[in-house]
Amino acid sequence: MIDFLMNHWCKRWLRRYGIKLASGPLALRKGGRLIMEEGVSISTVKMEFDSLRVGAMTYMRSAVELLNVGYIGRFCSIGTGVVIGQDRAGHPLDWVSSHPFQHAAAGLEYEGGRRAAEIGHDVWIGRDAMILEGVNVGTGAVIASRAMVTRDVPPYAIVAGMPARIIRYRHSPSIIADLIASEWWEGSVMDLQRRPLNRPEAFIQQCRSEPVARAAYRTVSVSRSGWSELAGEHHKESC
Ligand SMILES: CC(C)(COP(=O)(O)OP(=O)(O)OC[C@H]1O[C@@H](n2cnc3c(N)ncnc32)[C@H](O)[C@@H]1OP(=O)(O)O)[C@@H](O)C(=O)NCCC(=O)NCCS
């Protein structure tokens, strides 16, 4: 009953920030921390990370698995069944066996973990794609449905297949450079929506004469033991 009420209170409190966390705080692991900016929407997902920061307006559909992942930028679209931060070296490959029976029996310790995966801003991840731990997905990238991403993805690349390979880039090199320089994801949704979003050249031109103003997205921190607004917090510049 207490659990039900905790989930309910937290979810209701998050709504003040336009945030949806369908699974509630009790779906986090013990000691796990989820930091979210305004407008984040997370459906029923599995959460196994130690600490994850999710940028404003990013949404995830159901059955997503957030494993060894530390950062997801703003304005990302994450499809059903996506796995981010899958471990790649959870078992020893160069011991007698790869089975964990060895750890306890011989008092050995196996350190297999790699660094957490990181996803930039404006990344679209298609249904059932898998991104391994340690991978850095650049801002503006697209991960095709069912792709298996084992290596870093450059900004604005579209990758597909198993293992994922670049099939093309979303824009020309000069437009990519200008979009990254514009740091448009710093802006408020209201400011962005009155700009020519369907014409990147015109958008960039406008950003030169009228740079996107840094919006103050409110940020909250959620764990199993409590939740609060974070004052003066800011996300990473770019991936
Ligand atoms: C990757 C994607 C965005 C298409 O990008 P695109 O640049 O327009 O790609 P195209 O359709 O022109 O295909 C280009 C090549 O990539 C291949 N390709 C496209 N999607 C692929 C996929 N998911 N896996 C493997 N290969 C794929 C095509 O077969 C084609 O190969 P070819 O050149 O040998 O014929 C799209 O296929 C996709 O996966 N979208 C995600 C959809 C989704 O999951 N939606 C729900 C979540 S919101």
# chains A, B, ... in the order shown; residues from 1 in each chain; ligands from 1

call {"tool": "select_by_dssp", "arguments": {"residues": "region 10-188 of chain A", "states": "alpha helix (DSSP H)", "output": "list in words"}}
result
Cys10, Lys11, Arg12, Trp13, Leu14, Phe101, Gln102, His103, Ala104, Ala105, Ala106, Pro173, Ser174, Ile175, Ile176, Ala177, Asp178, Leu179, Ile180, Ala181 and Ser182 of chain A

call {"tool": "residues_around", "arguments": {"residues": "Arg218 (chain A)", "least_positions_apart": "3", "cutoff": "8 Å", "atoms": "only C-alpha atoms", "output": "PyMOL selection string"}}
result
chain A and resi 17+37-38+229-231

call {"tool": "write_last_selection", "arguments": {"atoms": "N, CA and C atoms", "output": "PDB file, in the first residue's frame"}}
result
ATOM      1  N   TYR A  17       5.933  19.388 -13.580  1.00  0.00           N
ATOM      2  CA  TYR A  17       7.059  19.732 -14.466  1.00  0.00           C
ATOM      3  C   TYR A  17       6.804  19.215 -15.885  1.00  0.00           C
ATOM      4  N   GLU A  37      14.761  16.677 -17.045  1.00  0.00           N
ATOM      5  CA  GLU A  37      14.350  18.061 -17.272  1.00  0.00           C
ATOM      6  C   GLU A  37      12.876  18.085 -17.678  1.00  0.00           C
ATOM      7  N   GLU A  38      12.317  19.286 -17.666  1.00  0.00           N
ATOM      8  CA  GLU A  38      10.888  19.440 -17.995  1.00  0.00           C
ATOM      9  C   GLU A  38      10.525  18.758 -19.312  1.00  0.00           C
ATOM     10  N   GLU A 229      13.352  19.097  -6.679  1.00  0.00           N
ATOM     11  CA  GLU A 229      13.792  19.935  -7.801  1.00  0.00           C
ATOM     12  C   GLU A 229      15.239  20.320  -7.557  1.00  0.00           C
ATOM     13  N   LEU A 230      16.042  20.333  -8.611  1.00  0.00           N
ATOM     14  CA  LEU A 230      17.449  20.709  -8.467  1.00  0.00           C
ATOM     15  C   LEU A 230      17.608  22.152  -8.914  1.00  0.00           C
ATOM     16  N   ALA A 231      18.213  22.962  -8.094  1.00  0.00           N
ATOM     17  CA  ALA A 231      18.389  24.375  -8.448  1.00  0.00           C
ATOM     18  C   ALA A 231      19.710  24.542  -9.175  1.00  0.00           C
TER      19      ALA A 231
END

call {"tool": "select_by_dssp", "arguments": {"residues": "region 106-185 of chain A", "states": "strand (DSSP E or B)", "output": "list in words"}}
result
Ala117, Glu118, Ile119, Trp124, Ile125, Met130, Ile131, Leu132, Asn136, Val137, Val142, Ile143, Met148, Val149, Val153, Ala157, Ile158, Val159, Ala160, Arg165, Ile166, Ile167, Arg168 and Tyr169 of chain A

call {"tool": "write_last_selection", "arguments": {"atoms": "N, CA and C atoms", "output": "PDB file, in the first residue's frame"}}
result
ATOM      1  N   ALA A 117      26.904   4.164 -21.595  1.00  0.00           N
ATOM      2  CA  ALA A 117      26.584   4.722 -22.915  1.00  0.00           C
ATOM      3  C   ALA A 117      26.091   6.154 -22.742  1.00  0.00           C
ATOM      4  N   GLU A 118      26.293   6.971 -23.800  1.00  0.00           N
ATOM      5  CA  GLU A 118      25.810   8.353 -23.765  1.00  0.00           C
ATOM      6  C   GLU A 118      25.137   8.672 -25.100  1.00  0.00           C
ATOM      7  N   ILE A 119      24.000   9.339 -25.013  1.00  0.00           N
ATOM      8  CA  ILE A 119      23.219   9.680 -26.203  1.00  0.00           C
ATOM      9  C   ILE A 119      23.108  11.201 -26.262  1.00  0.00           C
ATOM     10  N   TRP A 124      17.128  10.026 -32.760  1.00  0.00           N
ATOM     11  CA  TRP A 124      15.939   9.179 -32.967  1.00  0.00           C
ATOM     12  C   TRP A 124      16.410   7.725 -32.955  1.00  0.00           C
ATOM     13  N   ILE A 125      15.896   6.945 -32.032  1.00  0.00           N
ATOM     14  CA  ILE A 125      16.300   5.532 -31.940  1.00  0.00           C
ATOM     15  C   ILE A 125      15.088   4.677 -32.308  1.00  0.00           C
ATOM     16  N   MET A 130      19.472  -1.850 -30.346  1.00  0.00           N
ATOM     17  CA  MET A 130      20.264  -2.099 -29.135  1.00  0.00           C
ATOM     18  C   MET A 130      21.578  -1.316 -29.219  1.00  0.00           C
ATOM     19  N   ILE A 131      21.878  -0.575 -28.161  1.00  0.00           N
ATOM     20  CA  ILE A 131      23.118   0.215 -28.088  1.00  0.00           C
ATOM     21  C   ILE A 131      23.928  -0.326 -26.929  1.00  0.00           C
ATOM     22  N   LEU A 132      25.160  -0.743 -27.194  1.00  0.00           N
ATOM     23  CA  LEU A 132      25.973  -1.353 -26.146  1.00  0.00           C
ATOM     24  C   LEU A 132      26.553  -0.301 -25.203  1.00  0.00           C
ATOM     25  N   ASN A 136      28.995   6.075 -27.629  1.00  0.00           N
ATOM     26  CA  ASN A 136      28.611   7.478 -27.610  1.00  0.00           C
ATOM     27  C   ASN A 136      27.840   7.761 -28.898  1.00  0.00           C
ATOM     28  N   VAL A 137      26.579   8.118 -28.797  1.00  0.00           N
ATOM     29  CA  VAL A 137      25.776   8.420 -29.989  1.00  0.00           C
ATOM     30  C   VAL A 137      25.700   9.939 -30.129  1.00  0.00           C
ATOM     31  N   VAL A 142      20.540   9.099 -36.128  1.00  0.00           N
ATOM     32  CA  VAL A 142      19.350   8.237 -36.216  1.00  0.00           C
ATOM     33  C   VAL A 142      19.830   6.793 -36.158  1.00  0.00           C
ATOM     34  N   ILE A 143      19.207   6.005 -35.291  1.00  0.00           N
ATOM     35  CA  ILE A 143      19.527   4.585 -35.185  1.00  0.00           C
ATOM     36  C   ILE A 143      18.335   3.834 -35.788  1.00  0.00           C
ATOM     37  N   MET A 148      22.109  -2.905 -34.251  1.00  0.00           N
ATOM     38  CA  MET A 148      22.946  -3.303 -33.106  1.00  0.00           C
ATOM     39  C   MET A 148      24.160  -2.379 -33.105  1.00  0.00           C
ATOM     40  N   VAL A 149      24.176  -1.411 -32.202  1.00  0.00           N
ATOM     41  CA  VAL A 149      25.201  -0.362 -32.238  1.00  0.00           C
ATOM     42  C   VAL A 149      26.342  -0.728 -31.300  1.00  0.00           C
ATOM     43  N   VAL A 153      28.664   6.623 -32.763  1.00  0.00           N
ATOM     44  CA  VAL A 153      27.949   7.096 -33.958  1.00  0.00           C
ATOM     45  C   VAL A 153      28.196   8.602 -34.083  1.00  0.00           C
ATOM     46  N   ALA A 157      24.641  11.136 -38.219  1.00  0.00           N
ATOM     47  CA  ALA A 157      24.738   9.932 -39.051  1.00  0.00           C
ATOM     48  C   ALA A 157      23.468   9.105 -38.875  1.00  0.00           C
ATOM     49  N   ILE A 158      23.065   8.393 -39.939  1.00  0.00           N
ATOM     50  CA  ILE A 158      21.983   7.406 -39.842  1.00  0.00           C
ATOM     51  C   ILE A 158      22.662   6.045 -39.916  1.00  0.00           C
ATOM     52  N   VAL A 159      22.483   5.224 -38.900  1.00  0.00           N
ATOM     53  CA  VAL A 159      23.133   3.913 -38.887  1.00  0.00           C
ATOM     54  C   VAL A 159      22.074   2.814 -38.868  1.00  0.00           C
ATOM     55  N   ALA A 160      22.418   1.675 -39.516  1.00  0.00           N
ATOM     56  CA  ALA A 160      21.472   0.552 -39.578  1.00  0.00           C
ATOM     57  C   ALA A 160      22.256  -0.745 -39.632  1.00  0.00           C
ATOM     58  N   ARG A 165      26.093   0.159 -39.289  1.00  0.00           N
ATOM     59  CA  ARG A 165      27.024   0.901 -40.156  1.00  0.00           C
ATOM     60  C   ARG A 165      26.323   2.154 -40.641  1.00  0.00           C
ATOM     61  N   ILE A 166      27.132   3.163 -40.989  1.00  0.00           N
ATOM     62  CA  ILE A 166      26.530   4.415 -41.462  1.00  0.00           C
ATOM     63  C   ILE A 166      25.949   4.200 -42.850  1.00  0.00           C
ATOM     64  N   ILE A 167      24.662   4.533 -43.046  1.00  0.00           N
ATOM     65  CA  ILE A 167      24.087   4.430 -44.395  1.00  0.00           C
ATOM     66  C   ILE A 167      24.092   5.787 -45.100  1.00  0.00           C
ATOM     67  N   ARG A 168      23.980   6.848 -44.337  1.00  0.00           N
ATOM     68  CA  ARG A 168      24.123   8.202 -44.880  1.00  0.00           C
ATOM     69  C   ARG A 168      24.086   9.193 -43.717  1.00  0.00           C
ATOM     70  N   TYR A 169      24.223  10.467 -44.047  1.00  0.00           N
ATOM     71  CA  TYR A 169      24.067  11.516 -43.032  1.00  0.00           C
ATOM     72  C   TYR A 169      22.767  12.278 -43.303  1.00  0.00           C
TER      73      TYR A 169
END

call {"tool": "closest_residue", "arguments": {"among": "A:His99, A:Arg170, A:Arg88, A:Arg61", "to": "Thr150 (chain A)", "atoms": "only C-alpha atoms"}}
result
A:Arg88

call {"tool": "closest_residue", "arguments": {"among": "A:Val220, A:Ala213, A:Met1, A:Val83", "to": "Gly39 (chain A)", "atoms": "only C-alpha atoms"}}
result
A:Val220

call {"tool": "residues_around", "arguments": {"residues": "Arg12 (chain A)", "least_positions_apart": "6", "cutoff": "10 Å", "atoms": "only C-alpha atoms", "output": "PyMOL selection string"}}
result
chain A and resi 6+19-21+24

call {"tool": "closest_residue", "arguments": {"among": "A:Val189, A:Ala181, A:Met47, A:Ile175", "to": "Glu201 (chain A)", "atoms": "only C-alpha atoms"}}
result
A:Ile175

call {"tool": "residues_around", "arguments": {"residues": "Arg74 (chain A)", "least_positions_apart": "6", "cutoff": "12 Å", "atoms": "only C-alpha atoms", "output": "PyMOL selection string"}}
result
chain A and resi 36-41+53-60+119-124+139-140+183-189+217+234-239

call {"tool": "residues_around", "arguments": {"residues": "Ser172 (chain A)", "least_positions_apart": "6", "cutoff": "12 Å", "atoms": "only C-alpha atoms", "output": "VMD selection string"}}
result
chain A and resid 155 to 157 178 to 179 200 to 201

call {"tool": "write_last_selection", "arguments": {"atoms": "N, CA and C atoms", "output": "PDB file, in the first residue's frame"}}
result
ATOM      1  N   PRO A 155      27.789  12.610 -35.090  1.00  0.00           N
ATOM      2  CA  PRO A 155      26.600  13.474 -35.141  1.00  0.00           C
ATOM      3  C   PRO A 155      25.921  13.418 -36.514  1.00  0.00           C
ATOM      4  N   TYR A 156      24.619  13.335 -36.511  1.00  0.00           N
ATOM      5  CA  TYR A 156      23.758  13.383 -37.701  1.00  0.00           C
ATOM      6  C   TYR A 156      23.945  12.194 -38.664  1.00  0.00           C
ATOM      7  N   ALA A 157      24.641  11.136 -38.219  1.00  0.00           N
ATOM      8  CA  ALA A 157      24.738   9.932 -39.051  1.00  0.00           C
ATOM      9  C   ALA A 157      23.468   9.105 -38.875  1.00  0.00           C
ATOM     10  N   ASP A 178      26.751  23.805 -38.842  1.00  0.00           N
ATOM     11  CA  ASP A 178      25.960  24.977 -38.424  1.00  0.00           C
ATOM     12  C   ASP A 178      24.903  24.607 -37.385  1.00  0.00           C
ATOM     13  N   LEU A 179      24.267  23.446 -37.553  1.00  0.00           N
ATOM     14  CA  LEU A 179      23.244  23.037 -36.570  1.00  0.00           C
ATOM     15  C   LEU A 179      23.886  22.813 -35.203  1.00  0.00           C
ATOM     16  N   PRO A 200      16.249  23.738 -42.879  1.00  0.00           N
ATOM     17  CA  PRO A 200      17.456  23.918 -42.060  1.00  0.00           C
ATOM     18  C   PRO A 200      18.298  25.127 -42.454  1.00  0.00           C
ATOM     19  N   GLU A 201      18.449  25.408 -43.778  1.00  0.00           N
ATOM     20  CA  GLU A 201      19.277  26.566 -44.182  1.00  0.00           C
ATOM     21  C   GLU A 201      18.674  27.861 -43.648  1.00  0.00           C
TER      22      GLU A 201
END

call {"tool": "closest_residue", "arguments": {"among": "A:Val45, A:Ile176, A:Leu67, A:Val82", "to": "ligand 1", "atoms": "only C-alpha atoms and all ligand atoms"}}
result
A:Val82

call {"tool": "atom_distance", "arguments": {"atom1": "CA of Ala27 (chain A)", "atom2": "CA of Arg115 (chain A)"}}
result
22.4 Å

call {"tool": "closest_residue", "arguments": {"among": "A:Ala105, A:Gly226, A:Asn198, A:Ile78", "to": "ligand 1", "atoms": "only C-alpha atoms and all ligand atoms"}}
result
A:Ile78

call {"tool": "atom_distance", "arguments": {"atom1": "CA of Ala63 (chain A)", "atom2": "atom 31 (O, counted along the ligand's line) of ligand 1"}}
result
27.1 Å

call {"tool": "closest_residue", "arguments": {"among": "A:Pro196, A:Ser77, A:Ile42, A:Gly31", "to": "Gly18 (chain A)", "atoms": "only C-alpha atoms"}}
result
A:Ile42
